[in-house]
Structures are given as structure tokens and as C-alpha cells.
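J.: Hey, dropping start-v6.csv in here, CSV, C-alpha atoms:
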```csv
chain,number,residue,atom,x,y,z
F,1,GLY,CA,-70.4,-74.3,-114.2
F,2,PHE,CA,-70.8,-77.7,-115.7
F,3,MET,CA,-73.2,-77.6,-118.7
F,4,ARG,CA,-75.7,-80.3,-119.5
F,5,PRO,CA,-78.1,-80.7,-122.4
F,6,VAL,CA,-81.1,-78.4,-122.0
F,7,ILE,CA,-84.6,-78.1,-123.2
F,8,GLY,CA,-86.4,-74.8,-123.4
F,9,ILE,CA,-90.1,-74.9,-123.1
F,10,ASP,CA,-92.4,-72.0,-124.1
F,11,VAL,CA,-95.6,-72.7,-122.2
F,12,SER,CA,-99.0,-71.5,-123.2
F,13,LYS,CA,-102.5,-72.6,-122.4
F,14,GLY,CA,-103.1,-76.3,-123.1
F,15,GLU,CA,-99.9,-76.8,-125.2
F,16,SER,CA,-96.3,-75.9,-125.3
F,17,GLU,CA,-93.3,-75.7,-127.6
F,18,GLY,CA,-90.0,-77.3,-126.8
F,19,PHE,CA,-86.5,-76.8,-128.2
F,20,ILE,CA,-83.5,-79.0,-127.3
F,21,LEU,CA,-79.8,-78.0,-127.3
F,22,LEU,CA,-77.3,-80.8,-126.7
F,23,GLU,CA,-74.7,-78.2,-126.0
F,24,ARG,CA,-74.1,-74.6,-126.9
F,25,ASN,CA,-75.2,-73.9,-130.5
F,26,LYS,CA,-75.9,-77.6,-131.1
F,27,PRO,CA,-79.7,-78.1,-131.6
F,28,TYR,CA,-81.2,-81.6,-131.5
F,29,GLY,CA,-83.9,-81.7,-134.2
F,30,LYS,CA,-86.4,-79.0,-134.7
F,31,SER,CA,-88.7,-77.4,-132.2
F,32,PHE,CA,-91.7,-79.6,-131.3
F,33,ARG,CA,-95.2,-79.0,-129.8
F,34,PHE,CA,-96.9,-81.1,-127.2
F,35,GLN,CA,-100.3,-80.9,-125.5
F,36,HIS,CA,-100.7,-80.8,-121.7
F,37,THR,CA,-102.0,-84.3,-121.4
F,38,HIS,CA,-100.6,-87.5,-119.9
F,39,ASP,CA,-100.1,-89.1,-123.4
F,40,GLU,CA,-98.2,-86.1,-124.8
F,41,MET,CA,-96.2,-85.6,-121.6
F,42,ASN,CA,-95.0,-89.2,-121.9
F,43,LYS,CA,-93.7,-88.4,-125.4
F,44,LEU,CA,-91.8,-85.5,-123.9
F,45,LEU,CA,-90.3,-87.8,-121.2
F,46,MET,CA,-89.3,-90.3,-123.9
F,47,LYS,CA,-87.5,-87.5,-125.7
F,48,LEU,CA,-85.7,-86.5,-122.5
F,49,GLN,CA,-84.6,-90.1,-122.0
F,50,GLU,CA,-83.4,-90.3,-125.6
F,51,ILE,CA,-81.2,-87.3,-124.9
F,52,GLU,CA,-79.9,-88.8,-121.7
F,53,VAL,CA,-78.9,-92.0,-123.5
F,54,LEU,CA,-77.3,-90.0,-126.3
F,55,THR,CA,-75.2,-87.7,-124.1
F,56,GLY,CA,-74.9,-89.7,-120.9
F,57,LEU,CA,-76.2,-86.6,-119.1
F,58,ARG,CA,-79.5,-85.7,-117.6
F,59,PRO,CA,-81.0,-82.7,-119.4
F,60,VAL,CA,-82.1,-79.5,-117.6
F,61,VAL,CA,-85.5,-78.0,-118.3
F,62,VAL,CA,-85.9,-74.2,-118.6
F,63,LEU,CA,-89.3,-72.6,-118.8
F,64,GLU,CA,-91.0,-69.3,-118.1
F,65,SER,CA,-93.6,-69.1,-115.3
F,66,THR,CA,-96.7,-68.0,-117.1
F,67,GLY,CA,-99.7,-67.7,-114.7
F,68,HIS,CA,-100.5,-71.3,-113.8
F,69,TYR,CA,-100.2,-73.1,-117.1
F,70,HIS,CA,-96.8,-74.4,-116.3
F,71,LEU,CA,-97.6,-75.9,-112.9
F,72,GLY,CA,-98.8,-79.3,-114.3
F,73,ILE,CA,-95.7,-79.7,-116.5
F,74,VAL,CA,-93.3,-78.7,-113.7
F,75,SER,CA,-94.8,-81.2,-111.3
F,76,VAL,CA,-94.6,-84.1,-113.8
F,77,LEU,CA,-90.9,-83.3,-114.6
F,78,LYS,CA,-90.0,-82.9,-110.9
F,79,LYS,CA,-91.6,-86.2,-110.0
F,80,LYS,CA,-89.4,-87.8,-112.6
F,81,GLY,CA,-86.4,-86.1,-111.0
F,82,TYR,CA,-85.6,-83.5,-113.7
F,83,GLU,CA,-84.0,-80.2,-112.7
F,84,VAL,CA,-86.5,-77.5,-113.7
F,85,ILE,CA,-85.5,-73.8,-113.9
F,86,THR,CA,-88.5,-71.5,-113.8
F,87,LEU,CA,-87.8,-68.0,-115.0
F,88,ASN,CA,-89.8,-65.1,-113.9
F,89,PRO,CA,-91.0,-63.4,-117.2
F,90,LEU,CA,-90.8,-60.0,-115.5
F,91,ILE,CA,-87.1,-60.1,-115.2
F,92,PRO,CA,-85.8,-59.0,-118.6
F,93,GLN,CA,-83.1,-61.4,-119.7
F,94,ARG,CA,-80.2,-59.4,-121.2
F,95,ALA,CA,-79.8,-61.7,-124.1
F,96,ARG,CA,-83.3,-61.0,-125.2
F,97,LYS,CA,-82.5,-57.3,-125.4
F,98,SER,CA,-79.5,-58.0,-127.7
F,99,LYS,CA,-81.8,-59.0,-130.6
F,100,LEU,CA,-82.8,-55.8,-132.2
F,101,ARG,CA,-86.3,-57.0,-133.2
F,102,LYS,CA,-87.8,-59.8,-131.3
F,103,VAL,CA,-89.1,-62.5,-133.6
F,104,LYS,CA,-92.4,-63.4,-131.9
F,105,THR,CA,-92.8,-67.0,-132.4
F,106,ASP,CA,-93.1,-69.7,-129.8
F,107,ALA,CA,-90.3,-71.7,-131.5
F,108,GLU,CA,-88.1,-68.7,-131.2
F,109,ASP,CA,-89.0,-68.3,-127.6
F,110,ALA,CA,-88.4,-71.9,-126.7
F,111,ARG,CA,-85.0,-71.8,-128.4
F,112,HIS,CA,-84.2,-68.5,-126.6
F,113,LEU,CA,-85.0,-70.1,-123.3
F,114,ALA,CA,-82.7,-73.0,-124.0
F,115,GLU,CA,-79.9,-70.7,-125.1
F,116,LEU,CA,-80.2,-68.7,-121.9
F,117,TYR,CA,-79.0,-71.7,-120.0
F,118,PHE,CA,-75.6,-71.4,-121.6
F,119,LYS,CA,-75.5,-67.6,-121.7
F,120,GLU,CA,-76.5,-66.7,-118.2
F,121,ASP,CA,-75.9,-68.1,-114.8
F,122,LEU,CA,-79.5,-69.4,-114.2
F,123,LYS,CA,-80.4,-70.3,-110.7
F,124,VAL,CA,-83.1,-72.8,-110.0
F,125,ALA,CA,-85.7,-70.4,-108.7
F,126,GLN,CA,-86.8,-71.1,-105.1
F,127,PRO,CA,-90.3,-72.5,-105.3
F,128,ARG,CA,-92.8,-70.1,-103.8
F,129,PRO,CA,-94.0,-71.5,-100.5
F,130,PHE,CA,-97.3,-73.4,-100.8
F,131,GLU,CA,-98.8,-71.1,-98.1
F,132,GLN,CA,-98.2,-68.1,-100.3
F,133,ASP,CA,-99.7,-69.6,-103.4
F,134,GLU,CA,-102.7,-70.6,-101.4
F,135,LEU,CA,-103.0,-67.1,-100.0
F,136,ARG,CA,-102.7,-65.6,-103.4
F,137,PHE,CA,-105.5,-67.8,-104.7
F,138,LEU,CA,-107.7,-66.8,-101.8
F,139,SER,CA,-107.0,-63.1,-102.1
F,140,ARG,CA,-107.7,-63.0,-105.9
F,141,GLN,CA,-110.8,-65.0,-105.3
F,142,HIS,CA,-111.9,-62.5,-102.6
F,143,GLU,CA,-111.2,-59.6,-105.0
F,144,MET,CA,-113.4,-61.3,-107.7
F,145,ILE,CA,-116.3,-62.1,-105.4
F,146,SER,CA,-116.2,-58.6,-103.9
F,147,HIS,CA,-116.6,-57.2,-107.4
F,148,THR,CA,-119.5,-59.4,-108.2
F,149,TYR,CA,-121.1,-58.7,-104.8
F,150,VAL,CA,-121.1,-54.9,-105.6
F,151,GLN,CA,-122.8,-55.6,-108.9
F,152,ALA,CA,-125.4,-57.7,-107.1
F,153,GLN,CA,-126.0,-54.8,-104.5
F,154,LEU,CA,-126.7,-52.4,-107.4
F,155,ASN,CA,-129.0,-54.7,-109.1
F,156,PHE,CA,-130.8,-55.4,-105.8
F,157,GLN,CA,-131.2,-51.7,-105.1
F,158,SER,CA,-132.8,-50.9,-108.4
F,159,ILE,CA,-135.4,-53.6,-107.9
F,160,LEU,CA,-136.0,-52.5,-104.3
F,161,ASP,CA,-136.7,-48.9,-105.5
F,162,GLN,CA,-139.5,-50.3,-107.6
F,163,VAL,CA,-140.9,-52.8,-105.1
F,164,PHE,CA,-140.6,-51.0,-101.7
F,165,PRO,CA,-139.1,-47.6,-102.3
F,166,LEU,CA,-138.8,-46.3,-98.7
F,167,TYR,CA,-137.3,-49.5,-97.2
F,168,ALA,CA,-133.7,-48.5,-98.1
F,169,SER,CA,-133.5,-45.8,-95.4
F,170,LEU,CA,-134.9,-47.8,-92.5
F,171,PHE,CA,-131.7,-49.6,-91.4
F,172,GLY,CA,-128.3,-48.0,-90.9
F,173,GLN,CA,-127.0,-50.8,-93.0
F,174,LEU,CA,-129.3,-51.9,-95.8
F,175,PHE,CA,-127.2,-55.0,-96.4
F,176,SER,CA,-127.0,-56.1,-92.7
F,177,LYS,CA,-128.4,-59.6,-91.9
F,178,THR,CA,-131.3,-58.1,-89.9
F,179,SER,CA,-132.3,-55.8,-92.7
F,180,LEU,CA,-132.2,-58.5,-95.4
F,181,GLU,CA,-134.0,-61.1,-93.3
F,182,VAL,CA,-136.8,-58.7,-92.5
F,183,LEU,CA,-137.2,-57.7,-96.1
F,184,LYS,CA,-137.1,-61.4,-97.1
F,185,ARG,CA,-140.2,-61.9,-94.9
F,186,TYR,CA,-142.0,-58.8,-96.0
F,187,PRO,CA,-140.8,-57.8,-99.4
F,188,THR,CA,-143.6,-55.4,-100.3
F,189,PRO,CA,-145.5,-52.6,-98.4
F,190,GLU,CA,-148.7,-54.7,-98.7
F,191,GLN,CA,-147.1,-57.6,-96.9
F,192,VAL,CA,-145.9,-55.3,-94.1
F,193,LEU,CA,-149.4,-53.8,-93.7
F,194,ALA,CA,-151.0,-57.2,-93.7
F,195,ALA,CA,-148.7,-58.5,-91.0
F,196,GLY,CA,-149.2,-55.6,-88.5
F,197,HIS,CA,-147.1,-54.2,-85.7
F,198,HIS,CA,-146.9,-57.1,-83.3
F,199,GLU,CA,-145.8,-59.7,-85.9
F,200,ILE,CA,-143.2,-57.4,-87.4
F,201,GLU,CA,-141.8,-56.4,-84.0
F,202,ALA,CA,-141.4,-60.2,-83.2
F,203,SER,CA,-139.6,-60.8,-86.6
F,204,VAL,CA,-137.2,-57.9,-86.1
F,205,HIS,CA,-136.4,-58.9,-82.6
F,206,ALA,CA,-135.8,-62.5,-83.6
F,207,GLN,CA,-133.3,-61.3,-86.2
F,208,CYS,CA,-131.2,-58.8,-84.2
F,209,ASN,CA,-129.5,-58.9,-80.8
F,210,ARG,CA,-131.0,-55.6,-79.7
F,211,SER,CA,-133.7,-54.7,-77.1
F,212,LEU,CA,-137.4,-55.3,-77.6
F,213,ALA,CA,-137.9,-51.6,-77.5
F,214,TRP,CA,-135.5,-51.1,-80.4
F,215,ALA,CA,-137.4,-53.8,-82.4
F,216,SER,CA,-140.7,-52.1,-81.6
F,217,ASN,CA,-139.4,-48.7,-82.9
F,218,LYS,CA,-138.1,-50.4,-86.0
F,219,ALA,CA,-141.5,-52.1,-86.6
F,220,ASP,CA,-143.2,-48.6,-86.3
F,221,ALA,CA,-140.7,-47.2,-88.8
F,222,ILE,CA,-141.2,-50.1,-91.2
F,223,ILE,CA,-145.0,-49.7,-91.1
F,224,HIS,CA,-144.7,-46.0,-91.5
F,225,ALA,CA,-142.5,-46.5,-94.6
F,226,ALA,CA,-145.0,-49.0,-96.0
F,227,ASN,CA,-147.9,-46.6,-95.6
F,228,ASN,CA,-145.8,-43.8,-97.1
F,229,SER,CA,-144.4,-45.7,-100.1
F,230,LEU,CA,-145.9,-44.7,-103.4
F,231,ILE,CA,-146.8,-48.2,-104.6
F,232,VAL,CA,-146.4,-49.0,-108.2
F,233,ASP,CA,-148.3,-52.1,-109.0
F,234,CYS,CA,-145.3,-54.4,-108.9
F,235,SER,CA,-145.4,-57.7,-110.7
F,236,PRO,CA,-144.9,-61.1,-108.9
F,237,SER,CA,-141.8,-61.5,-111.0
F,238,GLN,CA,-140.3,-58.3,-109.5
F,239,VAL,CA,-140.9,-59.6,-106.0
F,240,ARG,CA,-139.4,-63.0,-107.0
F,241,ALA,CA,-136.4,-61.2,-108.4
F,242,LEU,CA,-136.0,-59.2,-105.1
F,243,LEU,CA,-136.2,-62.4,-103.0
F,244,LEU,CA,-133.7,-64.1,-105.3
F,245,MET,CA,-131.3,-61.2,-105.0
F,246,ILE,CA,-131.5,-61.3,-101.2
F,247,ASP,CA,-130.5,-64.9,-101.2
F,248,LEU,CA,-127.7,-64.1,-103.6
F,249,LEU,CA,-126.4,-61.2,-101.4
F,250,MET,CA,-126.4,-63.4,-98.3
F,251,GLU,CA,-124.6,-66.1,-100.1
F,252,TYR,CA,-121.9,-63.6,-101.2
F,253,GLN,CA,-121.6,-62.3,-97.7
F,254,ASN,CA,-121.1,-65.8,-96.3
F,255,HIS,CA,-118.6,-66.6,-99.0
F,256,LEU,CA,-116.6,-63.4,-98.4
F,257,ALA,CA,-116.6,-63.9,-94.7
F,258,GLU,CA,-115.2,-67.5,-95.2
F,259,LEU,CA,-112.5,-66.2,-97.6
F,260,GLU,CA,-111.5,-63.5,-95.1
F,261,GLN,CA,-111.2,-66.0,-92.3
F,262,ALA,CA,-109.2,-68.4,-94.5
F,263,MET,CA,-107.0,-65.5,-95.6
F,264,LYS,CA,-106.3,-64.4,-92.1
F,265,ALA,CA,-105.5,-67.9,-91.0
F,266,LYS,CA,-103.0,-68.4,-93.9
F,267,ALA,CA,-101.5,-64.9,-93.6
F,268,THR,CA,-100.7,-65.2,-89.9
F,269,SER,CA,-98.5,-68.2,-90.7
F,270,ILE,CA,-96.3,-66.1,-93.0
F,271,PRO,CA,-93.6,-64.0,-91.4
F,272,GLY,CA,-94.3,-60.3,-91.6
F,273,PHE,CA,-98.0,-60.3,-91.1
F,274,ASP,CA,-98.1,-58.7,-87.7
F,275,LEU,CA,-95.5,-56.2,-88.9
F,276,LEU,CA,-97.7,-55.2,-91.8
F,277,CYS,CA,-100.8,-54.9,-89.6
F,278,SER,CA,-98.9,-52.5,-87.4
F,279,ILE,CA,-98.7,-49.9,-90.2
F,280,PRO,CA,-101.5,-47.3,-89.8
F,281,GLY,CA,-104.2,-47.9,-92.4
F,282,ILE,CA,-103.3,-51.5,-93.1
F,283,GLY,CA,-105.7,-54.1,-91.7
F,284,ASP,CA,-105.9,-57.9,-91.8
F,285,LYS,CA,-107.3,-58.0,-95.3
F,286,LEU,CA,-104.9,-55.6,-97.0
F,287,ALA,CA,-101.9,-57.2,-95.1
F,288,ALA,CA,-103.0,-60.6,-96.4
F,289,THR,CA,-103.3,-59.3,-99.9
F,290,ILE,CA,-99.8,-57.7,-99.8
F,291,LEU,CA,-98.3,-60.9,-98.5
F,292,ALA,CA,-100.1,-62.9,-101.1
F,293,GLU,CA,-98.5,-61.0,-103.9
F,294,VAL,CA,-95.1,-60.1,-102.4
F,295,GLY,CA,-94.5,-63.2,-100.3
F,296,ASP,CA,-91.4,-63.1,-98.1
F,297,VAL,CA,-90.0,-59.6,-98.2
F,298,SER,CA,-86.5,-60.9,-97.4
F,299,SER,CA,-86.2,-62.4,-100.8
F,300,PHE,CA,-85.7,-58.8,-102.1
F,301,ASP,CA,-82.2,-57.8,-101.1
F,302,HIS,CA,-83.0,-54.1,-101.5
F,303,ALA,CA,-86.0,-51.9,-101.0
F,304,LYS,CA,-85.7,-50.6,-104.5
F,305,LYS,CA,-86.1,-54.1,-105.9
F,306,LEU,CA,-89.4,-54.5,-104.0
F,307,VAL,CA,-90.6,-51.2,-105.4
F,308,ALA,CA,-89.7,-52.3,-109.0
F,309,PHE,CA,-91.5,-55.5,-108.5
F,310,ALA,CA,-94.6,-53.7,-107.3
```
If you took the structure in this file and wrote it as C-alpha cells, what would it be?
T.:
Amino acid sequence: GFMRPVIGIDVSKGESEGFILLERNKPYGKSFRFQHTHDEMNKLLMKLQEIEVLTGLRPVVVLESTGHYHLGIVSVLKKKGYEVITLNPLIPQRARKSKLRKVKTDAEDARHLAELYFKEDLKVAQPRPFEQDELRFLSRQHEMISHTYVQAQLNFQSILDQVFPLYASLFGQLFSKTSLEVLKRYPTPEQVLAAGHHEIEASVHAQCNRSLAWASNKADAIIHAANNSLIVDCSPSQVRALLLMIDLLMEYQNHLAELEQAMKAKATSIPGFDLLCSIPGIGDKLAATILAEVGDVSSFDHAKKLVAFA
């Protein structure tokens, strides 16, 4: 193919290293660093214009996609009409293997990326569809929040064991909305006993969509648990901590529910979602997560390539 001047950019967090080749084996100056700011990006653009004036050709930019650090740079360059080749760092470039020992410096990397343009037939990578990036963000966020939510549950249970030990066994689901709302109202055995059957029954019934008889039985069970709990003199700060944890748990539940809804909405717009859901054992959430990471399966021309990617 027709070769143009090229600049290799080794991207890291907050700053990058660039190296320019006017043509094969013909460097232009030394490697240079630039910060990821408007001012410094302008310097980079000036350099690119300089090369264009010098060679009469518009330079190509080659960089590695590292997490999200390169996204800002890519969007600036694309707006200015530069062709940007984003390499997937997972694909081992053969040229890299030919060096016996890899000299690990950014300058070396930037130069290497520029040289690859001449050595290999680099394609401009198809940008990942925006839907998929969005889905990937949502699913990683969901993963992170789930993890924090589990930590919060453990913390909550250890405080509950001190403040109201027998409460945990009262509801099939300790973390259900009904269970948490009732506990929020009566966080200690004393408060349960002070309230009495009628008030607690009304509270439970207001919180759940079950019969009054069910609420009445629950109220009995709660009062029984309160009477039976071996009460340690718990401090006001423990009760406060318990109430705080309840708010936090509910907050996490809402957040996770919203993320799941958003994930499902995004995922259904990507081809292959229904197909994935039809596999036994794969539900909405897992299907969305798989799509988020893999994207359009048809971009792999062989099943083995997908396995290797995984």
C-alpha cells in the first residue's frame, strides 16, 4: 500500500510518548512527551502540521488501546481529520517477538508502534459500537457495586447480631424491602415491645403486599423474637450504625436495580442477546455481561478465536 509519514504514540495515564517516522527507517527528531491537556495536544497538532508541510502527506497515527486513557487523544485527532489506527494490545505483533529482549521504555514502544506501520498491514480497527462501550461500562459498574453491596450486607449482619440477634431469622429474605423497612422502624427489641402487636402489624402490612393475616403472624413472630432476644445493652451509636447501614443497603439495591434495567435495555439492542438468553443457565444479566465484553460475535471469524479472546 501507499505509505505516509507515521507517528507512534505510546499512551499512558495523563501523558504519552510520541515518535515520528517520515518514512521507513527515517525518524524525525527524537521521541517527545506530551500531557493529555488541550495546550499540549495543540503542540502535538502543530507537529503533525509541520510534518504535513514537510512531506506534503497527511501523517497516520498508530497507538495502542490501553483501557480508556487513549480515548481523549483519539477523539481530538479524529476531529482534526487524522487517520488513527488503534491496535489491540492483546494481539501480539510479530515484529515485537523478533527482538530477543524487549527494551521496556516508552520511547522504544512509541518507535515500535511507528515501525509497525511499515512492517505490517495495519487495518484501521473498526471502532467498537457506542452501545457496547456503554454496556461494558454499565456491567463493570454493576460488578463493582455488587461487590460493595455484599461487604455492606456482612457489616450490617454483624451489627444486627449485637442489636437485635433473633431478627435475622424472621423473614425469608433478611434484605427484602419489607424486612429492612420494618427493622428501620423498630431497630431494637425494646422498640418492638414498646410498640405492641397492633402497631407492628399495621407497619408490616403497610410494607408488604400480603394479607392482613400474614402481617398479623409476622407481628407475633417479631414480638416473640424481641422477647426472646438476649439483650446486650447496646449503645445508641450501634443503633445509629444499624440504621445507617439499612439506608445504605436500600441505596445499593436501588442502584443495582437501575443498572440492571439499563443493562437489559442496552443489551436488547445488540444482536445476539436473545440467542444468548436461550442458552440454559444464562439469564439477562449474564447475557448482557457477555455481550459487553465480547460485542458482536461475528467479528470473530472462527470459534477458536473467540475462545482465545476469552
J.: What is the CA of Pro280 in chain F to CA of Lys266 in chain F distance in Å?
T.: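 Result for CA of Pro280 in chain F versus CA of Lys266 in chain F: 21.5 Å, one decimal.
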J.: May I ask which of the residues F:Phe137, F:Phe164, F:Tyr117, F:Tyr149 is the closest one to Ala262 in chain F, counting all atoms listed in the file?
T.: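 Between F:Phe137, F:Phe164, F:Tyr117, F:Tyr149, the residue approaching Ala262 in chain F most closely is F:Phe137.
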J.: Identify which of the residues F:Pro236, F:Gly8, F:Pro27, F:Pro187 lies closest to Val84 in chain F, counting all atoms listed in the file when measuring atom-to-atom distances.
T.: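 Of the candidates, the smallest distance to Val84 in chain F is held by F:Gly8.
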J.: Skipping near chain neighbours, those fewer than 3 positions away, what residues fall within 10 Å of Leu113 in chain F using only C-alpha atoms, listed as a list of chain:residue names?
T.: F:Val6, F:Ile7, F:Gly8, F:Ile9, F:Asp10, F:Gly18, F:Phe19, F:Ile20, F:Val61, F:Val62, F:Leu63, F:Glu64, F:Leu87, F:Gln93, F:Ala95, F:Arg96, F:Ala107, F:Glu108, F:Asp109, F:Ala110, F:Leu116, F:Tyr117, F:Phe118, F:Lys119
J.: With C-alpha atoms retained, could you export that selection as a CSV table (one decimal), keeping the file's coordinate frame?
T.:
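The resulting result_8.csv:
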```
chain,number,residue,atom,x,y,z
F,6,VAL,CA,-81.1,-78.4,-122.0
F,7,ILE,CA,-84.6,-78.1,-123.2
F,8,GLY,CA,-86.4,-74.8,-123.4
F,9,ILE,CA,-90.1,-74.9,-123.1
F,10,ASP,CA,-92.4,-72.0,-124.1
F,18,GLY,CA,-90.0,-77.3,-126.8
F,19,PHE,CA,-86.5,-76.8,-128.2
F,20,ILE,CA,-83.5,-79.0,-127.3
F,61,VAL,CA,-85.5,-78.0,-118.3
F,62,VAL,CA,-85.9,-74.2,-118.6
F,63,LEU,CA,-89.3,-72.6,-118.8
F,64,GLU,CA,-91.0,-69.3,-118.1
F,87,LEU,CA,-87.8,-68.0,-115.0
F,93,GLN,CA,-83.1,-61.4,-119.7
F,95,ALA,CA,-79.8,-61.7,-124.1
F,96,ARG,CA,-83.3,-61.0,-125.2
F,107,ALA,CA,-90.3,-71.7,-131.5
F,108,GLU,CA,-88.1,-68.7,-131.2
F,109,ASP,CA,-89.0,-68.3,-127.6
F,110,ALA,CA,-88.4,-71.9,-126.7
F,116,LEU,CA,-80.2,-68.7,-121.9
F,117,TYR,CA,-79.0,-71.7,-120.0
F,118,PHE,CA,-75.6,-71.4,-121.6
F,119,LYS,CA,-75.5,-67.6,-121.7
```
J.: Set the distance at 10 Å and use only C-alpha atoms: which residues neighbour range 144-148 of chain F once local chain neighbours fewer than 5 positions away are removed? I'd like the list as a ChimeraX atom specification.
T.: /F:138-139,153,249,252-253,255-256,259
J.: For range 197-209 of chain F, work out the shell of residues within 7 Å, counting all atoms listed in the file and skipping chain neighbours fewer than 4 positions away, then give it as a list in words.
T.: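 Contacts, with the query itself left out: Thr178, Val182, Ala215, Ser216, Ala219 and Asp220 of chain F.
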J.: Using only C-alpha atoms, which of F:Val192, F:Leu170, F:Ile270, F:Leu22 sits nearest Glu50 in chain F?
T.: F:Leu22
J.: Would you kindly place all heavy atoms on range 204-212 of chain F and return the model as a PDB file, keeping the file's coordinate frame?
T.:
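Result saved to out-v9.pdb:
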```
ATOM      1  N   VAL F 204    -138.410 -58.729 -86.254  1.00  0.00           N
ATOM      2  CA  VAL F 204    -137.200 -57.900 -86.100  1.00  0.00           C
ATOM      3  C   VAL F 204    -136.410 -58.361 -84.920  1.00  0.00           C
ATOM      4  O   VAL F 204    -135.194 -58.545 -84.977  1.00  0.00           O
ATOM      5  CB  VAL F 204    -137.538 -56.407 -86.039  1.00  0.00           C
ATOM      6  CG1 VAL F 204    -136.271 -55.598 -85.767  1.00  0.00           C
ATOM      7  CG2 VAL F 204    -138.205 -55.915 -87.316  1.00  0.00           C
ATOM      8  N   HIS F 205    -137.109 -58.575 -83.837  1.00  0.00           N
ATOM      9  CA  HIS F 205    -136.400 -58.900 -82.600  1.00  0.00           C
ATOM     10  C   HIS F 205    -135.724 -60.271 -82.709  1.00  0.00           C
ATOM     11  O   HIS F 205    -134.623 -60.458 -82.186  1.00  0.00           O
ATOM     12  CB  HIS F 205    -137.418 -58.936 -81.423  1.00  0.00           C
ATOM     13  CG  HIS F 205    -136.737 -58.999 -80.090  1.00  0.00           C
ATOM     14  ND1 HIS F 205    -136.929 -60.033 -79.209  1.00  0.00           N
ATOM     15  CD2 HIS F 205    -135.829 -58.162 -79.515  1.00  0.00           C
ATOM     16  CE1 HIS F 205    -136.170 -59.829 -78.133  1.00  0.00           C
ATOM     17  NE2 HIS F 205    -135.487 -58.699 -78.302  1.00  0.00           N
ATOM     18  N   ALA F 206    -136.366 -61.204 -83.429  1.00  0.00           N
ATOM     19  CA  ALA F 206    -135.800 -62.500 -83.600  1.00  0.00           C
ATOM     20  C   ALA F 206    -134.468 -62.433 -84.419  1.00  0.00           C
ATOM     21  O   ALA F 206    -133.554 -63.236 -84.248  1.00  0.00           O
ATOM     22  CB  ALA F 206    -136.755 -63.461 -84.312  1.00  0.00           C
ATOM     23  N   GLN F 207    -134.399 -61.427 -85.301  1.00  0.00           N
ATOM     24  CA  GLN F 207    -133.300 -61.300 -86.200  1.00  0.00           C
ATOM     25  C   GLN F 207    -132.053 -60.574 -85.626  1.00  0.00           C
ATOM     26  O   GLN F 207    -130.937 -60.746 -86.069  1.00  0.00           O
ATOM     27  CB  GLN F 207    -133.659 -60.580 -87.501  1.00  0.00           C
ATOM     28  CG  GLN F 207    -134.388 -61.431 -88.509  1.00  0.00           C
ATOM     29  CD  GLN F 207    -133.746 -62.795 -88.709  1.00  0.00           C
ATOM     30  OE1 GLN F 207    -132.526 -62.929 -88.731  1.00  0.00           O
ATOM     31  NE2 GLN F 207    -134.569 -63.813 -88.836  1.00  0.00           N
ATOM     32  N   CYS F 208    -132.303 -59.674 -84.636  1.00  0.00           N
ATOM     33  CA  CYS F 208    -131.200 -58.800 -84.200  1.00  0.00           C
ATOM     34  C   CYS F 208    -130.926 -59.106 -82.701  1.00  0.00           C
ATOM     35  O   CYS F 208    -131.762 -59.652 -82.012  1.00  0.00           O
ATOM     36  CB  CYS F 208    -131.531 -57.371 -84.382  1.00  0.00           C
ATOM     37  SG  CYS F 208    -132.856 -56.835 -83.303  1.00  0.00           S
ATOM     38  N   ASN F 209    -129.770 -58.677 -82.223  1.00  0.00           N
ATOM     39  CA  ASN F 209    -129.500 -58.900 -80.800  1.00  0.00           C
ATOM     40  C   ASN F 209    -129.650 -57.536 -80.074  1.00  0.00           C
ATOM     41  O   ASN F 209    -128.769 -57.099 -79.360  1.00  0.00           O
ATOM     42  CB  ASN F 209    -128.121 -59.482 -80.560  1.00  0.00           C
ATOM     43  CG  ASN F 209    -127.074 -58.848 -81.455  1.00  0.00           C
ATOM     44  OD1 ASN F 209    -127.345 -57.806 -82.063  1.00  0.00           O
ATOM     45  ND2 ASN F 209    -125.897 -59.449 -81.528  1.00  0.00           N
ATOM     46  N   ARG F 210    -130.768 -56.874 -80.332  1.00  0.00           N
ATOM     47  CA  ARG F 210    -131.000 -55.600 -79.700  1.00  0.00           C
ATOM     48  C   ARG F 210    -132.252 -55.744 -78.759  1.00  0.00           C
ATOM     49  O   ARG F 210    -132.886 -56.786 -78.743  1.00  0.00           O
ATOM     50  CB  ARG F 210    -131.399 -54.517 -80.747  1.00  0.00           C
ATOM     51  CG  ARG F 210    -130.314 -54.238 -81.764  1.00  0.00           C
ATOM     52  CD  ARG F 210    -129.307 -53.238 -81.200  1.00  0.00           C
ATOM     53  NE  ARG F 210    -128.304 -52.818 -82.147  1.00  0.00           N
ATOM     54  CZ  ARG F 210    -128.509 -51.921 -83.115  1.00  0.00           C
ATOM     55  NH1 ARG F 210    -129.686 -51.383 -83.290  1.00  0.00           N
ATOM     56  NH2 ARG F 210    -127.517 -51.576 -83.912  1.00  0.00           N
ATOM     57  N   SER F 211    -132.580 -54.665 -78.041  1.00  0.00           N
ATOM     58  CA  SER F 211    -133.700 -54.700 -77.100  1.00  0.00           C
ATOM     59  C   SER F 211    -135.028 -54.835 -77.808  1.00  0.00           C
ATOM     60  O   SER F 211    -135.150 -54.500 -78.987  1.00  0.00           O
ATOM     61  CB  SER F 211    -133.696 -53.487 -76.217  1.00  0.00           C
ATOM     62  OG  SER F 211    -133.976 -52.363 -77.039  1.00  0.00           O
ATOM     63  N   LEU F 212    -136.044 -55.252 -77.055  1.00  0.00           N
ATOM     64  CA  LEU F 212    -137.400 -55.300 -77.600  1.00  0.00           C
ATOM     65  C   LEU F 212    -137.885 -53.939 -77.990  1.00  0.00           C
ATOM     66  O   LEU F 212    -138.573 -53.760 -78.995  1.00  0.00           O
ATOM     67  CB  LEU F 212    -138.338 -56.001 -76.604  1.00  0.00           C
ATOM     68  CG  LEU F 212    -139.696 -56.432 -77.169  1.00  0.00           C
ATOM     69  CD1 LEU F 212    -139.503 -57.429 -78.312  1.00  0.00           C
ATOM     70  CD2 LEU F 212    -140.576 -57.050 -76.086  1.00  0.00           C
TER      71      LEU F 212
END
```
